[in-house]
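Structure first, commentary second.
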Amino acid sequence: MIFSIMVSEGPYTHQASDSAYQFTKAALDAGHEIFRIFFYHDGVNNGTRMTTPPQDDRNIVDRWSELAKAHDLDMVVCVAAAQRRGIVDVDEAKRHGKDGDNIAEGFRISGLGQLIEAGVKSDRLMQFGD
Amino acid sequence: MLHTVNKSPFDKNSLKTCLSHSLKDSDILLIEDGVYGAIKDSAMSGDIEKALTDRKIYVLESDIKARGIDSSRLVQGVAIVDYGGFVELAASNDRVQSWL
Amino acid sequence: MSTVKKFMYVNRHAPYGSIYALEGLEVVLIGAAFDQDCCMAFIDDGVFQLVKGQDSSASGMKNFSPTYRALGDYEVTRLYVEKESLMERGLTKSDLMELTYEDEDDDWAEKPSIQIVERSELGRLMEEQDVLLNF
């Protein structure tokens, strides 16, 4: 079965990103396909590589990046939501005259159409938020 | 249809709204702070018992464990699933509604 | 993408206090371009999104309530507002904006987009959907 995941909250403040991660891992373990993981609202904050949690805690961002690498996952950060919250890749930084980018490995910035497409092309679209 | 609820019913109305919109034979999975809704002898347990007569209610194992809720503290009839079970519920139901 | 799926955008948050309503509306407008079968539901505090007379100027926030009037032009023509949620909040239909669309199957007659539905009916409508997104 084909799943897509929508993450509507950022890391740490809410459990949403943790739950989405555990669900994604369990779905992959069960042999399902993950079409896309879409980050919206404050969920875009899961995609900044500037995150540096204490050593004894999980690194939510790195964990997503590693899972994406291991399973070739498509992780999309919504461009409009990202612009509001200061999540930028090299192209976005250049376009808006910013002095640096902060997108984490494995994430890409794209439009809301990617969320609708995930809804159309997946058997189930799971939403994790608050 | 699978309904998920991630809010404590003592804080937000997500569980009440879920219970009042879910139809007969629905699966309802309580995750995150939603698991507090399944504790017996609470202000919510009557609503849960009533819902259990025609719907199935589940709690996510890792979320009750994290919160120190022993399975003996749950309303009788509430089932416990792990993340694999969550995935199975999502796959076996035709659609999913997340009451956030 | 030839598959047409039924999308329901479920709105349960009031506007301004959080961004869910505004960013939810952005999803609806983009989604409209995908020619899917879509509708919106307003439940709990979500009904406050449609209250008329919103003026956010003194708060310094963007007043996005006019965007709801544009939904008809995007062929988002079914806005289900829950009767019980209105009543619980001391609201009636007359407190809501008048939102309309032009029905292309009926000589472009102007028709109301808002439908007041009972909770039990909304539960049934949810069961007819393929994708439910919550804002």
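For the structure tokens, the naming scheme is as follows: chains receive sequential letters (A, B, ...) according to their order of presentation, residues are indexed from 1 within each chain, and ligands are indexed from 1 in presentation order.
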Neighbour list for Leu112 of chain A as a list in words, cut-off 9 Å, only C-alpha atoms, skip fewer than 4 positions in-chain:
Phe38, Tyr40, Val77, Cys78, Val79, Ala80, Ile116 and Glu117 of chain A; Glu26, Val27, Ile30 and Gly31 of chain C
Compile the residues of chain A that lie within 8 Å of chain C, evaluated using only C-alpha atoms, and express the compilation as a PDB file with all heavy atoms, in the first residue's frame.
ATOM      1  N   HIS A  41       2.870  24.064   7.826  1.00  0.00           N
ATOM      2  CA  HIS A  41       2.777  24.903   9.032  1.00  0.00           C
ATOM      3  C   HIS A  41       4.175  24.950   9.689  1.00  0.00           C
ATOM      4  O   HIS A  41       5.187  24.984   8.991  1.00  0.00           O
ATOM      5  CB  HIS A  41       1.743  24.352  10.023  1.00  0.00           C
ATOM      6  CG  HIS A  41       0.334  24.256   9.493  1.00  0.00           C
ATOM      7  ND1 HIS A  41      -0.303  25.289   8.858  1.00  0.00           N
ATOM      8  CD2 HIS A  41      -0.563  23.240   9.524  1.00  0.00           C
ATOM      9  CE1 HIS A  41      -1.539  24.923   8.532  1.00  0.00           C
ATOM     10  NE2 HIS A  41      -1.716  23.674   8.907  1.00  0.00           N
ATOM     11  N   ALA A  81       5.126  28.141   3.466  1.00  0.00           N
ATOM     12  CA  ALA A  81       5.258  28.003   4.920  1.00  0.00           C
ATOM     13  C   ALA A  81       6.721  28.187   5.332  1.00  0.00           C
ATOM     14  O   ALA A  81       7.012  28.758   6.384  1.00  0.00           O
ATOM     15  CB  ALA A  81       4.744  26.639   5.363  1.00  0.00           C
ATOM     16  N   LEU A 112       2.739  23.710  -2.559  1.00  0.00           N
ATOM     17  CA  LEU A 112       1.629  22.989  -1.935  1.00  0.00           C
ATOM     18  C   LEU A 112       1.012  21.941  -2.852  1.00  0.00           C
ATOM     19  O   LEU A 112       0.350  21.016  -2.388  1.00  0.00           O
ATOM     20  CB  LEU A 112       0.534  23.994  -1.538  1.00  0.00           C
ATOM     21  CG  LEU A 112       0.689  24.667  -0.186  1.00  0.00           C
ATOM     22  CD1 LEU A 112      -0.332  25.792  -0.046  1.00  0.00           C
ATOM     23  CD2 LEU A 112       0.523  23.648   0.927  1.00  0.00           C
ATOM     24  N   GLY A 113       1.238  22.109  -4.154  1.00  0.00           N
ATOM     25  CA  GLY A 113       0.722  21.127  -5.099  1.00  0.00           C
ATOM     26  C   GLY A 113       1.243  19.726  -4.787  1.00  0.00           C
ATOM     27  O   GLY A 113       0.579  18.727  -5.061  1.00  0.00           O
ATOM     28  N   ILE A 116      -1.161  18.039  -2.431  1.00  0.00           N
ATOM     29  CA  ILE A 116      -2.373  17.559  -3.115  1.00  0.00           C
ATOM     30  C   ILE A 116      -2.032  16.312  -3.933  1.00  0.00           C
ATOM     31  O   ILE A 116      -2.770  15.321  -3.914  1.00  0.00           O
ATOM     32  CB  ILE A 116      -2.948  18.661  -4.034  1.00  0.00           C
ATOM     33  CG1 ILE A 116      -3.169  19.962  -3.260  1.00  0.00           C
ATOM     34  CG2 ILE A 116      -4.243  18.177  -4.685  1.00  0.00           C
ATOM     35  CD1 ILE A 116      -4.170  19.887  -2.135  1.00  0.00           C
ATOM     36  N   GLY A 119      -1.926  13.355  -1.883  1.00  0.00           N
ATOM     37  CA  GLY A 119      -3.267  12.880  -1.574  1.00  0.00           C
ATOM     38  C   GLY A 119      -3.867  12.087  -2.720  1.00  0.00           C
ATOM     39  O   GLY A 119      -4.557  11.086  -2.517  1.00  0.00           O
ATOM     40  N   VAL A 120      -3.580  12.532  -3.931  1.00  0.00           N
ATOM     41  CA  VAL A 120      -4.139  11.874  -5.122  1.00  0.00           C
ATOM     42  C   VAL A 120      -3.444  10.540  -5.383  1.00  0.00           C
ATOM     43  O   VAL A 120      -4.091   9.542  -5.683  1.00  0.00           O
ATOM     44  CB  VAL A 120      -4.006  12.798  -6.363  1.00  0.00           C
ATOM     45  CG1 VAL A 120      -4.448  12.073  -7.631  1.00  0.00           C
ATOM     46  CG2 VAL A 120      -4.832  14.066  -6.171  1.00  0.00           C
ATOM     47  N   ARG A 124      -3.299   6.255   1.270  1.00  0.00           N
ATOM     48  CA  ARG A 124      -3.643   6.919   2.527  1.00  0.00           C
ATOM     49  C   ARG A 124      -2.705   8.106   2.740  1.00  0.00           C
ATOM     50  O   ARG A 124      -1.491   7.970   2.553  1.00  0.00           O
ATOM     51  CB  ARG A 124      -3.454   5.984   3.729  1.00  0.00           C
ATOM     52  CG  ARG A 124      -4.224   4.700   3.689  1.00  0.00           C
ATOM     53  CD  ARG A 124      -5.702   4.839   4.003  1.00  0.00           C
ATOM     54  NE  ARG A 124      -6.323   3.537   3.958  1.00  0.00           N
ATOM     55  CZ  ARG A 124      -6.763   2.936   2.839  1.00  0.00           C
ATOM     56  NH1 ARG A 124      -6.647   3.546   1.674  1.00  0.00           N
ATOM     57  NH2 ARG A 124      -7.318   1.750   2.877  1.00  0.00           N
ATOM     58  N   LEU A 125      -3.287   9.224   3.148  1.00  0.00           N
ATOM     59  CA  LEU A 125      -2.484  10.377   3.541  1.00  0.00           C
ATOM     60  C   LEU A 125      -2.671  10.569   5.041  1.00  0.00           C
ATOM     61  O   LEU A 125      -3.764  10.875   5.505  1.00  0.00           O
ATOM     62  CB  LEU A 125      -2.938  11.634   2.770  1.00  0.00           C
ATOM     63  CG  LEU A 125      -2.278  12.967   3.128  1.00  0.00           C
ATOM     64  CD1 LEU A 125      -0.760  12.891   3.023  1.00  0.00           C
ATOM     65  CD2 LEU A 125      -2.787  14.087   2.224  1.00  0.00           C
ATOM     66  N   GLN A 127      -1.986  12.389   8.600  1.00  0.00           N
ATOM     67  CA  GLN A 127      -1.607  13.713   9.086  1.00  0.00           C
ATOM     68  C   GLN A 127      -1.216  13.659  10.561  1.00  0.00           C
ATOM     69  O   GLN A 127      -1.949  13.123  11.394  1.00  0.00           O
ATOM     70  CB  GLN A 127      -2.772  14.692   8.889  1.00  0.00           C
ATOM     71  CG  GLN A 127      -2.376  16.132   9.180  1.00  0.00           C
ATOM     72  CD  GLN A 127      -3.511  17.115   8.927  1.00  0.00           C
ATOM     73  OE1 GLN A 127      -4.609  16.735   8.550  1.00  0.00           O
ATOM     74  NE2 GLN A 127      -3.226  18.381   9.138  1.00  0.00           N
TER      75      GLN A 127
END
Distance limit 10 Å, atoms considered: only C-alpha atoms. Which chain B residues sit that close to chain A? Return them as a count of residues only.
25
Nearest to chain C, chosen from B:Phe10, B:Ser71, B:Lys16, B:Ser22, with only C-alpha atoms counted in the distances
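The closest residue to chain C is B:Ser22.
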Please tabulate, as CSV, the residues of chain C that come within 12 Å of chain B, each with its closest pair of atoms and the distance in Å to one decimal, counting only C-alpha atoms and ordering rows by chain, then residue number upward.
residue,atom,partner,partner_atom,distance
C:Lys5,CA,B:Arg95,CA,11.8
C:Lys6,CA,B:Arg95,CA,10.9
C:Phe7,CA,B:Arg95,CA,10.9
C:Met8,CA,B:Gln97,CA,10.0
C:Tyr9,CA,B:Gln97,CA,10.5
C:Val10,CA,B:Gln97,CA,9.2
C:Asn11,CA,B:Leu100,CA,10.3
C:Arg12,CA,B:Leu100,CA,8.6
C:His13,CA,B:Leu100,CA,9.8
C:Tyr20,CA,B:Leu100,CA,11.1
C:Ile43,CA,B:Thr17,CA,8.7
C:Asp44,CA,B:Thr17,CA,8.0
C:Asp45,CA,B:Asn13,CA,10.4
C:Glu82,CA,B:His21,CA,10.9
C:Glu84,CA,B:Ser20,CA,10.9
C:Ser85,CA,B:Thr17,CA,10.0
C:Glu118,CA,B:His21,CA,10.1
C:Arg119,CA,B:His21,CA,6.5
C:Ser120,CA,B:His21,CA,6.4
C:Glu121,CA,B:His21,CA,8.6
C:Leu122,CA,B:His21,CA,7.0
C:Gly123,CA,B:His21,CA,4.5
C:Arg124,CA,B:Leu23,CA,7.4
C:Leu125,CA,B:His21,CA,9.9
C:Met126,CA,B:Gln97,CA,8.4
C:Glu127,CA,B:Met1,CA,6.9
C:Glu128,CA,B:Arg95,CA,9.0
C:Gln129,CA,B:Arg95,CA,7.3
C:Asp130,CA,B:Arg95,CA,6.0
C:Val131,CA,B:Arg95,CA,6.8
C:Leu132,CA,B:Gln97,CA,5.9
C:Leu133,CA,B:Gln97,CA,7.6
C:Asn134,CA,B:Ser98,CA,7.0
C:Phe135,CA,B:Leu100,CA,8.3
Which of chain C fall in strand (DSSP E), as a VMD selection string
chain C and resid 6 to 11 37 to 42 79 to 82 100 to 103 109 to 112 114 to 117 131 to 134
Nearest to Val44 of chain A, chosen from A:Gly106, A:Gly10, A:Gly111, A:Gly31, with only C-alpha atoms counted in the distances
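Result for the nearest residue to Val44 of chain A: A:Gly10.
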Could you give me, as a ChimeraX atom specification, each residue of segment 42-83 of chain C that DSSP assigns to helix (DSSP H, G or I) when run on this structure's backbone?
/C:44-50,57-59,66-74,83
Output of the above residues as an mmCIF file, in the first residue's frame, restricted to N, CA, C and O atoms:
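The new file part30.cif reads:
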data_model
loop_
_atom_site.group_PDB
_atom_site.id
_atom_site.type_symbol
_atom_site.label_atom_id
_atom_site.label_comp_id
_atom_site.auth_asym_id
_atom_site.auth_seq_id
_atom_site.Cartn_x
_atom_site.Cartn_y
_atom_site.Cartn_z
ATOM 1 N N ASP C 44 -16.566 22.893 15.262
ATOM 2 C CA ASP C 44 -16.013 23.495 16.476
ATOM 3 C C ASP C 44 -15.642 24.966 16.210
ATOM 4 O O ASP C 44 -16.371 25.656 15.526
ATOM 5 N N ASP C 45 -14.476 25.421 16.682
ATOM 6 C CA ASP C 45 -14.112 26.831 16.507
ATOM 7 C C ASP C 45 -13.886 27.211 15.040
ATOM 8 O O ASP C 45 -13.748 28.394 14.718
ATOM 9 N N GLY C 46 -13.841 26.245 14.161
ATOM 10 C CA GLY C 46 -13.696 26.524 12.729
ATOM 11 C C GLY C 46 -14.810 27.415 12.199
ATOM 12 O O GLY C 46 -14.609 28.175 11.245
ATOM 13 N N VAL C 47 -15.990 27.352 12.821
ATOM 14 C CA VAL C 47 -17.106 28.183 12.336
ATOM 15 C C VAL C 47 -16.802 29.672 12.487
ATOM 16 O O VAL C 47 -17.342 30.496 11.740
ATOM 17 N N PHE C 48 -15.911 30.023 13.426
ATOM 18 C CA PHE C 48 -15.562 31.438 13.622
ATOM 19 C C PHE C 48 -14.848 32.027 12.390
ATOM 20 O O PHE C 48 -14.816 33.236 12.209
ATOM 21 N N GLN C 49 -14.276 31.155 11.554
ATOM 22 C CA GLN C 49 -13.586 31.645 10.352
ATOM 23 C C GLN C 49 -14.531 32.394 9.417
ATOM 24 O O GLN C 49 -14.115 33.274 8.674
ATOM 25 N N LEU C 50 -15.804 32.009 9.443
ATOM 26 C CA LEU C 50 -16.752 32.545 8.465
ATOM 27 C C LEU C 50 -17.592 33.707 8.989
ATOM 28 O O LEU C 50 -18.459 34.219 8.286
ATOM 29 N N SER C 57 -7.241 45.018 11.372
ATOM 30 C CA SER C 57 -6.267 46.105 11.159
ATOM 31 C C SER C 57 -5.566 46.523 12.453
ATOM 32 O O SER C 57 -4.351 46.696 12.474
ATOM 33 N N ALA C 58 -6.316 46.671 13.535
ATOM 34 C CA ALA C 58 -5.703 47.134 14.778
ATOM 35 C C ALA C 58 -4.791 46.086 15.409
ATOM 36 O O ALA C 58 -3.935 46.415 16.232
ATOM 37 N N SER C 59 -4.972 44.826 15.016
ATOM 38 C CA SER C 59 -4.126 43.762 15.567
ATOM 39 C C SER C 59 -2.824 43.646 14.783
ATOM 40 O O SER C 59 -1.900 42.952 15.207
ATOM 41 N N PRO C 66 -11.620 38.028 3.310
ATOM 42 C CA PRO C 66 -12.125 38.207 1.937
ATOM 43 C C PRO C 66 -11.813 37.020 1.026
ATOM 44 O O PRO C 66 -12.504 36.807 0.027
ATOM 45 N N THR C 67 -10.771 36.260 1.363
ATOM 46 C CA THR C 67 -10.394 35.122 0.525
ATOM 47 C C THR C 67 -11.525 34.087 0.430
ATOM 48 O O THR C 67 -11.668 33.419 -0.587
ATOM 49 N N TYR C 68 -12.317 33.977 1.505
ATOM 50 C CA TYR C 68 -13.419 33.002 1.472
ATOM 51 C C TYR C 68 -14.406 33.335 0.350
ATOM 52 O O TYR C 68 -15.031 32.456 -0.221
ATOM 53 N N ARG C 69 -14.529 34.663 0.049
ATOM 54 C CA ARG C 69 -15.444 35.071 -1.021
ATOM 55 C C ARG C 69 -14.947 34.612 -2.383
ATOM 56 O O ARG C 69 -15.715 34.476 -3.323
ATOM 57 N N ALA C 70 -13.643 34.396 -2.505
ATOM 58 C CA ALA C 70 -13.067 33.986 -3.790
ATOM 59 C C ALA C 70 -13.216 32.494 -4.036
ATOM 60 O O ALA C 70 -13.014 32.013 -5.154
ATOM 61 N N LEU C 71 -13.576 31.748 -3.009
ATOM 62 C CA LEU C 71 -13.621 30.282 -3.151
ATOM 63 C C LEU C 71 -14.535 29.840 -4.289
ATOM 64 O O LEU C 71 -14.223 28.896 -5.019
ATOM 65 N N GLY C 72 -15.654 30.538 -4.454
ATOM 66 C CA GLY C 72 -16.597 30.191 -5.521
ATOM 67 C C GLY C 72 -15.943 30.253 -6.892
ATOM 68 O O GLY C 72 -16.186 29.399 -7.756
ATOM 69 N N ASP C 73 -15.077 31.261 -7.088
ATOM 70 C CA ASP C 73 -14.386 31.401 -8.376
ATOM 71 C C ASP C 73 -13.391 30.265 -8.613
ATOM 72 O O ASP C 73 -13.018 29.978 -9.740
ATOM 73 N N TYR C 74 -12.955 29.649 -7.535
ATOM 74 C CA TYR C 74 -12.041 28.509 -7.642
ATOM 75 C C TYR C 74 -12.810 27.181 -7.681
ATOM 76 O O TYR C 74 -12.225 26.114 -7.534
ATOM 77 N N LYS C 83 -24.180 22.785 12.279
ATOM 78 C CA LYS C 83 -25.247 23.478 13.003
ATOM 79 C C LYS C 83 -24.983 23.526 14.515
ATOM 80 O O LYS C 83 -25.073 24.584 15.140
#
So the first atom is atom CA of Ser62 of chain B and the second is atom CA of His71 of chain A; what is the distance between them in Å, to one decimal place?
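Interatomic distance, atom CA of Ser62 of chain B to atom CA of His71 of chain A: 23.7 Å.
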Interatomic distance (Å, one decimal) between atom CA of Pro11 of chain A and atom CA of Ile37 of chain A
14.6 Å
All residues 8 Å or closer to Leu79 of chain C, only C-alpha atoms, same chain fewer than 2 positions away omitted, as an mmCIF file with C-alpha atoms, in the first residue's frame:
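Saved file around.cif follows:
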data_model
loop_
_atom_site.group_PDB
_atom_site.id
_atom_site.type_symbol
_atom_site.label_atom_id
_atom_site.label_comp_id
_atom_site.auth_asym_id
_atom_site.auth_seq_id
_atom_site.Cartn_x
_atom_site.Cartn_y
_atom_site.Cartn_z
ATOM 1 C CA CYS C 39 -15.394 20.489 -0.070
ATOM 2 C CA MET C 40 -14.746 22.224 3.234
ATOM 3 C CA ALA C 41 -16.161 21.453 6.653
ATOM 4 C CA PHE C 42 -16.311 23.936 9.520
ATOM 5 C CA VAL C 76 -14.931 25.381 -4.181
ATOM 6 C CA THR C 77 -18.685 25.472 -3.849
ATOM 7 C CA VAL C 81 -20.952 24.438 8.469
ATOM 8 C CA SER C 113 -21.884 28.026 -0.912
ATOM 9 C CA ILE C 114 -22.574 27.610 2.780
ATOM 10 C CA GLN C 115 -24.699 24.660 3.769
#
